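What follows is a set of notes on a single structure, which appears directly below.
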Amino acid sequence: EIERSTHKNMSSSSDKLRYHTLSNELKIPSLGLGTYQNETTSEAIKNAIVEQNVRLLDTAMMYGNHEMIGQTIEELLDEKKIQSKDDVFIVTKLWPNRLVSREEVRKGTEKCLDDLKMHHVDLLLMHWPLASEKKEDNMAKLHEAWKEMEKIYDEGKAKAIGVSNFTIEHLEQFLPKCTVQPMVNQFEMHPLLNQEQLALYCRKHHIQPMAYRTLGHGALLDNEKIKKMASRVGKTAAQVILRWALQRDFVIIPKSSKVERIKENSDLFDFELSEEEVKELNAMDENHHFCFDSSDFEGLREMIFGSDKYPKP
C-alpha cells in the first residue's frame with residue numbers, strides 16, 4: 001500500500017474541524033450522534049459521550065426519545081461523567097403540527113424542555129418547511145412560527161435557532177422577513193446528493209450546514225468506488241464518507257445504537273482525504289434522495305398531515 005502524508009498524523013490540522021462557530025458565536029461540535037427511529041439506547045448515548053467524546057445529540061419531537069435522553073444526561077451528571085448539562089450540545093426539532101401557530105410553537109418548545117429536563121436547548125430547528133396544509137399560506141405561517149422561535153431565542157430557551165430540510169427556494173422566500181437569521185440548516189447530504197449549491201447558499205448567508213443520512217442509510221457502505229478509496233486510505237467506507245463531509249465543513253450526526261459502530265463513526269480525526277479524493281466523492285452526485293424531497297410541497301403535506309405514518313407529537 002502507498003502511504004501518503006495526507007493520510008496520517010493529521011491530528012493538528014484536523015483539530016480545527018472538531019467545532020464550528022455559528023453566526024451568533026456559539027460553538028457547535030462538528031460530530032454528533034443521531035437518534036432517529038428510536039434505535040439509540042441510553043447505553044449507546046453514554047458510550048458516545050464518555051468513551052468517544054461525542055458531545056452533540058440530535059433529536060426531535062417526532063423521535064419520541066426526549067425523556068430517555070433527558071434521563072440519560074441526568075444519570076451522566078449523577079455518575080460525574082459530565083460536569084453540567086451544558087457539556088452536551090442538544091439539538092431538537094419542532095414537528096410541523098407545532099409550527100401552525102405561535103401558540104403551538106410555544107407549547108411544543110415547553111414540552112421539549114420538560115421532557116428533556118432542561119431549561120434550554122442548544123439548537124431548536126423547524127423540522128420541515130411546512131406549517132400549513134395550503135401552499136399559498138405556508139410561508140406566511142412559517143414566518144409567524146419563526147417569530148415565536150425568535151422570542152424563545154431572545155429568552156435564552158434556545159441558544160441558537162434554525163431550520164431543517166429548507167431548499168434554496170425556501171430560504172430565498174424565508175430569510176428576508178427574519179429578524180434573527182437561521183443559524184443552521186439541517187438537510188440530507190451524502191455522496192449521491194452532495195448538495196453543493198445549497199451548502200454554498202447557506203454559507204453565503206452565514207447558515208451552518210448540518211447533514212443527516214450521510215451514509216445513505218447504510219446503502220453507500222458497499223459502494224465499490226468508496227470501498228477502494230477506504231482500502232487505499234486504511235479506513236472503513238463509513239469513515240471515508242464521514243471524513244469527506246467534515247472536510248466540506250458540515251456538522252454530521254451519524255446514528256447507531258452499536259458501540260463498535262459509534263466508535264468507528266467517531267474515529268475521524270487522525271487522517272485527511274486529499275483534494276483529489278474529495279473531488280472524486282463530489283463527482284458521485286446523482287441528486288438521489290434516500291429521504292423525502294422537501295421541494296415537493298404536495299407530497300410533503302400528504303406525508304405529514306395526510307397520513308398516519310408519523311405521530312403528531
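By convention here, the chains of the C-alpha cells are called A, B, ... in the order presented, each chain's residues are numbered starting at 1, and ligands are numbered starting at 1 in the order presented.
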
> Could you write out, as a VMD selection string, all the residues of stretch 96-189 of chain A that DSSP marks as helix (DSSP H, G or I)?
Replying inline: chain A and resid 96 to 98 102 to 116 135 to 154 168 to 177

> What's the 12 Å shell around stretch 131-136 of chain A, counting only C-alpha atoms, without same-chain residues fewer than 4 positions away, as an MDAnalysis selection string?
Replying inline: chainID A and resid 94:102 104:105 126:127 140:146 295:306

Contacts of stretch 33-48 of chain A at 8 Å or less, counting only C-alpha atoms, minus same-chain residues fewer than 2 places along, as a compact mmCIF listing (two decimals) with all heavy atoms, in the first residue's frame?
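Output below, filename around-v2.txt:
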```
# COMPACT_ATOMS: atom_id res chain seq x y z
N LEU A 31 -19.18 16.87 15.12
CA LEU A 31 -19.58 15.46 15.11
C LEU A 31 -20.58 15.20 16.23
O LEU A 31 -20.31 15.52 17.39
CB LEU A 31 -18.35 14.55 15.30
CG LEU A 31 -18.62 13.06 15.50
CD1 LEU A 31 -19.25 12.44 14.27
CD2 LEU A 31 -17.34 12.33 15.88
N VAL A 50 -19.05 9.43 26.84
CA VAL A 50 -17.96 9.16 27.79
C VAL A 50 -16.74 8.57 27.09
O VAL A 50 -15.61 9.01 27.30
CB VAL A 50 -18.45 8.22 28.92
CG1 VAL A 50 -17.30 7.88 29.86
CG2 VAL A 50 -19.60 8.86 29.68
N GLU A 51 -16.96 7.57 26.24
CA GLU A 51 -15.84 6.85 25.64
C GLU A 51 -15.34 7.50 24.34
O GLU A 51 -14.14 7.48 24.06
CB GLU A 51 -16.23 5.39 25.35
CG GLU A 51 -16.69 4.61 26.57
CD GLU A 51 -15.62 4.49 27.65
OE1 GLU A 51 -14.42 4.51 27.30
OE2 GLU A 51 -15.97 4.42 28.84
N GLN A 52 -16.26 8.05 23.55
CA GLN A 52 -15.86 8.59 22.24
C GLN A 52 -15.81 10.12 22.21
O GLN A 52 -15.49 10.70 21.18
CB GLN A 52 -16.82 8.09 21.14
CG GLN A 52 -17.08 6.60 21.15
CD GLN A 52 -15.81 5.76 21.16
OE1 GLN A 52 -14.80 6.16 20.60
NE2 GLN A 52 -15.86 4.60 21.81
N ASN A 53 -16.16 10.73 23.33
CA ASN A 53 -16.12 12.20 23.43
C ASN A 53 -17.01 12.88 22.38
O ASN A 53 -16.69 13.97 21.90
CB ASN A 53 -14.69 12.71 23.33
CG ASN A 53 -14.54 14.10 23.94
OD1 ASN A 53 -15.24 14.45 24.88
ND2 ASN A 53 -13.65 14.90 23.39
N VAL A 54 -18.10 12.23 22.02
CA VAL A 54 -19.10 12.85 21.14
C VAL A 54 -19.96 13.75 22.02
O VAL A 54 -20.56 13.30 22.99
CB VAL A 54 -19.97 11.78 20.44
CG1 VAL A 54 -21.11 12.43 19.68
CG2 VAL A 54 -19.11 10.94 19.50
N ARG A 55 -20.03 15.03 21.69
CA ARG A 55 -20.68 15.97 22.60
C ARG A 55 -21.88 16.67 21.97
O ARG A 55 -22.26 17.75 22.40
CB ARG A 55 -19.65 17.00 23.11
CG ARG A 55 -18.63 16.37 24.06
CD ARG A 55 -19.33 15.69 25.23
NE ARG A 55 -18.47 14.88 26.05
CZ ARG A 55 -17.98 15.25 27.23
NH1 ARG A 55 -18.25 16.44 27.69
NH2 ARG A 55 -17.24 14.42 27.92
N LEU A 56 -22.49 16.06 20.97
CA LEU A 56 -23.71 16.60 20.37
C LEU A 56 -24.70 15.46 20.17
O LEU A 56 -24.34 14.40 19.65
CB LEU A 56 -23.41 17.30 19.04
CG LEU A 56 -24.59 17.97 18.32
CD1 LEU A 56 -24.10 19.18 17.50
CD2 LEU A 56 -25.34 17.02 17.39
N LEU A 57 -25.93 15.67 20.61
CA LEU A 57 -27.01 14.71 20.38
C LEU A 57 -28.08 15.38 19.53
O LEU A 57 -28.53 16.48 19.85
CB LEU A 57 -27.63 14.24 21.70
CG LEU A 57 -26.74 13.46 22.66
CD1 LEU A 57 -27.51 13.13 23.94
CD2 LEU A 57 -26.21 12.18 22.01
N ASP A 58 -28.48 14.71 18.45
CA ASP A 58 -29.52 15.24 17.57
C ASP A 58 -30.80 14.44 17.80
O ASP A 58 -30.82 13.22 17.62
CB ASP A 58 -29.10 15.12 16.11
CG ASP A 58 -30.19 15.62 15.16
OD1 ASP A 58 -30.32 16.85 15.01
OD2 ASP A 58 -30.93 14.78 14.60
N THR A 59 -31.86 15.15 18.19
CA THR A 59 -33.14 14.50 18.43
C THR A 59 -34.25 15.36 17.82
O THR A 59 -33.99 16.31 17.08
CB THR A 59 -33.35 14.24 19.94
OG1 THR A 59 -34.60 13.58 20.13
CG2 THR A 59 -33.33 15.52 20.76
N ALA A 60 -35.50 15.01 18.10
CA ALA A 60 -36.65 15.75 17.57
C ALA A 60 -37.88 15.29 18.33
O ALA A 60 -37.93 14.17 18.86
CB ALA A 60 -36.84 15.49 16.07
N TYR A 63 -39.16 11.94 17.23
CA TYR A 63 -38.41 10.72 17.52
C TYR A 63 -38.90 10.02 18.77
O TYR A 63 -38.60 8.84 18.98
CB TYR A 63 -36.90 11.03 17.67
CG TYR A 63 -36.24 11.65 16.47
CD1 TYR A 63 -34.93 12.10 16.55
CD2 TYR A 63 -36.90 11.80 15.26
CE1 TYR A 63 -34.29 12.68 15.46
CE2 TYR A 63 -36.28 12.39 14.16
CZ TYR A 63 -34.97 12.84 14.27
OH TYR A 63 -34.34 13.42 13.20
N GLY A 64 -39.59 10.76 19.64
CA GLY A 64 -40.18 10.12 20.82
C GLY A 64 -39.17 9.69 21.87
O GLY A 64 -39.47 8.79 22.67
N ASN A 65 -37.99 10.29 21.88
CA ASN A 65 -36.97 9.84 22.85
C ASN A 65 -36.45 10.95 23.76
O ASN A 65 -35.42 10.79 24.42
CB ASN A 65 -35.80 9.18 22.11
CG ASN A 65 -35.14 10.10 21.09
OD1 ASN A 65 -35.35 11.31 21.10
ND2 ASN A 65 -34.34 9.53 20.20
N MET A 68 -36.03 9.81 27.44
CA MET A 68 -34.88 8.91 27.62
C MET A 68 -33.58 9.70 27.59
O MET A 68 -32.68 9.48 28.41
CB MET A 68 -34.89 7.85 26.52
CG MET A 68 -33.72 6.85 26.59
SD MET A 68 -32.23 7.40 25.71
CE MET A 68 -32.71 7.07 24.02
N ILE A 69 -33.47 10.65 26.66
CA ILE A 69 -32.25 11.46 26.57
C ILE A 69 -32.08 12.31 27.82
O ILE A 69 -30.98 12.38 28.39
CB ILE A 69 -32.28 12.32 25.28
CG1 ILE A 69 -32.08 11.41 24.06
CG2 ILE A 69 -31.22 13.42 25.33
CD1 ILE A 69 -32.28 12.10 22.73
N THR A 72 -30.93 10.12 30.60
CA THR A 72 -29.54 9.69 30.39
C THR A 72 -28.57 10.79 30.78
O THR A 72 -27.55 10.54 31.45
CB THR A 72 -29.31 9.29 28.92
OG1 THR A 72 -30.23 8.24 28.58
CG2 THR A 72 -27.90 8.83 28.67
N LEU A 76 -25.68 10.69 33.72
CA LEU A 76 -24.27 11.03 33.49
C LEU A 76 -23.79 12.09 34.48
O LEU A 76 -22.65 12.04 34.95
CB LEU A 76 -24.07 11.52 32.06
CG LEU A 76 -24.11 10.45 30.96
CD1 LEU A 76 -24.16 11.10 29.59
CD2 LEU A 76 -22.90 9.53 31.06
N ILE A 253 -24.11 13.90 11.90
CA ILE A 253 -24.78 13.24 13.04
C ILE A 253 -25.10 11.78 12.70
O ILE A 253 -26.26 11.36 12.73
CB ILE A 253 -26.08 14.01 13.41
CG1 ILE A 253 -26.90 14.37 12.15
CG2 ILE A 253 -25.75 15.26 14.21
CD1 ILE A 253 -28.28 14.90 12.42
N PRO A 254 -24.07 10.97 12.38
CA PRO A 254 -24.34 9.56 12.08
C PRO A 254 -25.02 8.88 13.26
O PRO A 254 -24.67 9.13 14.40
CB PRO A 254 -22.95 8.98 11.82
CG PRO A 254 -22.00 9.90 12.53
CD PRO A 254 -22.63 11.26 12.42
N LYS A 255 -26.00 8.02 12.95
CA LYS A 255 -26.75 7.38 14.04
C LYS A 255 -26.40 5.90 14.14
O LYS A 255 -26.16 5.24 13.13
CB LYS A 255 -28.26 7.55 13.85
CG LYS A 255 -28.88 6.78 12.70
CD LYS A 255 -30.36 7.10 12.59
CE LYS A 255 -31.00 6.38 11.42
NZ LYS A 255 -31.21 4.95 11.61
N SER A 256 -26.34 5.41 15.35
CA SER A 256 -26.15 3.99 15.59
C SER A 256 -26.45 3.69 17.04
O SER A 256 -26.32 4.56 17.90
CB SER A 256 -24.72 3.55 15.26
OG SER A 256 -24.60 2.15 15.43
N SER A 257 -26.84 2.45 17.31
CA SER A 257 -27.01 2.02 18.69
C SER A 257 -25.92 1.02 19.07
O SER A 257 -25.85 0.55 20.19
CB SER A 257 -28.38 1.36 18.88
OG SER A 257 -28.51 0.28 17.97
N LYS A 258 -25.02 0.70 18.10
CA LYS A 258 -23.98 -0.29 18.33
C LYS A 258 -22.69 0.41 18.75
O LYS A 258 -22.20 1.30 18.06
CB LYS A 258 -23.73 -1.11 17.07
CG LYS A 258 -24.95 -1.94 16.68
CD LYS A 258 -24.72 -2.64 15.36
CE LYS A 258 -25.96 -3.48 15.00
NZ LYS A 258 -26.01 -3.81 13.59
N VAL A 259 -22.15 -0.03 19.88
CA VAL A 259 -20.97 0.61 20.45
C VAL A 259 -19.81 0.62 19.45
O VAL A 259 -19.14 1.64 19.26
CB VAL A 259 -20.56 -0.11 21.76
CG1 VAL A 259 -19.16 0.31 22.20
CG2 VAL A 259 -21.56 0.20 22.86
N ILE A 262 -20.45 3.20 16.73
CA ILE A 262 -20.28 4.58 17.24
C ILE A 262 -18.79 4.91 17.32
O ILE A 262 -18.36 6.01 16.94
CB ILE A 262 -20.95 4.74 18.62
CG1 ILE A 262 -22.48 4.63 18.46
CG2 ILE A 262 -20.58 6.08 19.26
CD1 ILE A 262 -23.24 4.53 19.77
N LYS A 263 -17.98 3.93 17.78
CA LYS A 263 -16.53 4.15 17.84
C LYS A 263 -15.96 4.37 16.44
O LYS A 263 -15.18 5.30 16.22
CB LYS A 263 -15.86 2.93 18.50
CG LYS A 263 -14.35 3.11 18.72
CD LYS A 263 -13.76 1.89 19.42
CE LYS A 263 -12.33 2.15 19.88
NZ LYS A 263 -11.44 2.61 18.82
```

>> Neighbouring residues of A:Asn194 were defined as those with any atom within 8 Å, considering only C-alpha atoms; residues of the same chain fewer than 3 positions away were excluded. Please report them as a PyMOL selection string.
In response: chain A and resi 189-191+282+285+287

For the residues in the current selection, export N, CA, C and O atoms as a short mmCIF file (atom, residue, chain, number, x, y, z; two decimals), in the first residue's frame.
```cif
data_model
loop_
_atom_site.label_atom_id
_atom_site.label_comp_id
_atom_site.auth_asym_id
_atom_site.auth_seq_id
_atom_site.Cartn_x
_atom_site.Cartn_y
_atom_site.Cartn_z
N MET A 189 -27.58 14.86 3.09
CA MET A 189 -26.38 15.08 2.29
C MET A 189 -25.49 13.85 2.36
O MET A 189 -25.21 13.33 3.44
N HIS A 190 -25.07 13.37 1.20
CA HIS A 190 -24.18 12.21 1.09
C HIS A 190 -23.57 12.23 -0.31
O HIS A 190 -23.95 13.10 -1.13
N PRO A 191 -22.66 11.33 -0.65
CA PRO A 191 -22.02 11.40 -1.96
C PRO A 191 -22.97 11.36 -3.16
O PRO A 191 -22.64 11.92 -4.21
N ASN A 282 -17.21 14.00 -4.52
CA ASN A 282 -18.16 15.02 -5.00
C ASN A 282 -18.76 14.62 -6.34
O ASN A 282 -19.94 14.86 -6.62
N ASP A 285 -22.22 12.59 -7.28
CA ASP A 285 -23.55 13.17 -7.12
C ASP A 285 -24.52 12.75 -8.22
O ASP A 285 -24.20 12.82 -9.41
N ASN A 287 -28.04 13.56 -7.45
CA ASN A 287 -29.25 14.20 -6.92
C ASN A 287 -30.25 13.14 -6.41
O ASN A 287 -31.46 13.24 -6.62
#
```

> Smallest atom-to-atom distance to A:Val251: which of A:Ala219, A:Ala237, A:Leu281, A:Ile28, using only C-alpha atoms?
Replying inline: A:Ile28

> Where does DSSP see strand (DSSP E or B) in stretch 103-277 of chain A, if you list the residues as a list in words?
Replying inline: Val121, Asp122, Leu123, Leu124, Leu125, Met126, Ala158, Lys159, Ala160, Ile161, Gly162, Val163, Ser164, Val184, Asn185, Gln186, Phe187, Glu188, His190, Leu193, Gln208, Pro209, Met210, Ala211, Tyr212, Val251, Ile252 and Lys255 of chain A

Quick one: everything within 10 Å of stretch 179-186 of chain A, counting only C-alpha atoms, minus sequence neighbours fewer than 6 positions away in the same chain. Send it as a PDB file with C-alpha atoms, in the first residue's frame.
```pdb
ATOM      1  CA  THR A  21     -18.772  28.722  15.218  1.00  0.00           C
ATOM      2  CA  LEU A  22     -22.330  29.775  14.449  1.00  0.00           C
ATOM      3  CA  SER A  23     -23.284  33.301  13.372  1.00  0.00           C
ATOM      4  CA  ASN A  24     -24.066  34.231  16.997  1.00  0.00           C
ATOM      5  CA  GLU A  25     -20.609  32.986  18.121  1.00  0.00           C
ATOM      6  CA  LEU A  26     -21.979  29.781  19.694  1.00  0.00           C
ATOM      7  CA  LEU A 123     -30.312  24.424  18.954  1.00  0.00           C
ATOM      8  CA  LEU A 124     -34.027  24.462  18.110  1.00  0.00           C
ATOM      9  CA  LEU A 125     -34.999  23.737  14.492  1.00  0.00           C
ATOM     10  CA  MET A 126     -38.139  23.725  12.347  1.00  0.00           C
ATOM     11  CA  HIS A 127     -38.197  20.070  11.270  1.00  0.00           C
ATOM     12  CA  TRP A 128     -39.712  20.645   7.816  1.00  0.00           C
ATOM     13  CA  TRP A 146     -40.302  31.821  13.333  1.00  0.00           C
ATOM     14  CA  LYS A 147     -41.284  34.991  15.179  1.00  0.00           C
ATOM     15  CA  MET A 149     -38.837  30.953  17.806  1.00  0.00           C
ATOM     16  CA  GLU A 150     -37.008  34.306  17.730  1.00  0.00           C
ATOM     17  CA  LYS A 151     -38.738  35.178  21.012  1.00  0.00           C
ATOM     18  CA  TYR A 153     -34.156  32.537  21.394  1.00  0.00           C
ATOM     19  CA  ASP A 154     -34.246  36.023  22.951  1.00  0.00           C
ATOM     20  CA  ALA A 160     -29.491  29.015  18.648  1.00  0.00           C
ATOM     21  CA  ILE A 161     -32.378  28.566  16.204  1.00  0.00           C
ATOM     22  CA  GLY A 162     -32.523  27.229  12.692  1.00  0.00           C
ATOM     23  CA  VAL A 163     -34.332  25.222  10.051  1.00  0.00           C
ATOM     24  CA  SER A 164     -34.219  21.745   8.582  1.00  0.00           C
ATOM     25  CA  ASN A 165     -34.905  20.469   5.068  1.00  0.00           C
ATOM     26  CA  PHE A 166     -35.108  24.002   3.634  1.00  0.00           C
ATOM     27  CA  THR A 167     -34.099  24.260  -0.035  1.00  0.00           C
ATOM     28  CA  LEU A 171     -34.621  30.148   2.067  1.00  0.00           C
ATOM     29  CA  LEU A 198     -27.413  24.544  -1.082  1.00  0.00           C
ATOM     30  CA  ALA A 199     -24.305  24.414   1.116  1.00  0.00           C
ATOM     31  CA  CYS A 202     -26.176  28.611   3.327  1.00  0.00           C
ATOM     32  CA  ARG A 203     -22.577  29.707   3.891  1.00  0.00           C
ATOM     33  CA  HIS A 205     -25.930  33.708   4.401  1.00  0.00           C
ATOM     34  CA  HIS A 206     -23.897  32.634   7.468  1.00  0.00           C
ATOM     35  CA  ILE A 207     -26.009  29.488   7.973  1.00  0.00           C
ATOM     36  CA  GLN A 208     -24.090  26.400   9.135  1.00  0.00           C
ATOM     37  CA  PRO A 209     -24.915  23.297   7.043  1.00  0.00           C
ATOM     38  CA  MET A 210     -25.686  20.168   9.075  1.00  0.00           C
ATOM     39  CA  ALA A 211     -26.039  16.807   7.329  1.00  0.00           C
ATOM     40  CA  TYR A 212     -28.165  13.759   8.003  1.00  0.00           C
ATOM     41  CA  PHE A 250     -20.603  20.122   7.584  1.00  0.00           C
ATOM     42  CA  VAL A 251     -21.792  19.188  11.048  1.00  0.00           C
ATOM     43  CA  ILE A 252     -22.545  15.448  10.876  1.00  0.00           C
TER      44      ILE A 252
END
```

>> So, with only C-alpha atoms as the atoms that count, which of A:Asp270, A:Glu224, A:Glu196, A:Glu260 lies closest to A:Arg243?
In response: A:Asp270

>> Show me, as JSON, numbers by chain, the residues that have an atom within 8 Å of stretch 168-170 of chain A when counting only C-alpha atoms, minus same-chain residues fewer than 2 positions from it.
In response: {"A": [129, 166, 172, 173, 174, 198, 201]}

> A:His66, A:Lys309, A:Lys279, A:Lys107: which is nearest A:Ile90, counting only C-alpha atoms?
Replying inline: A:His66

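Across the model, the gap from atom CA of A:Glu275 to atom CA of A:Thr236 is 18.6 Å.
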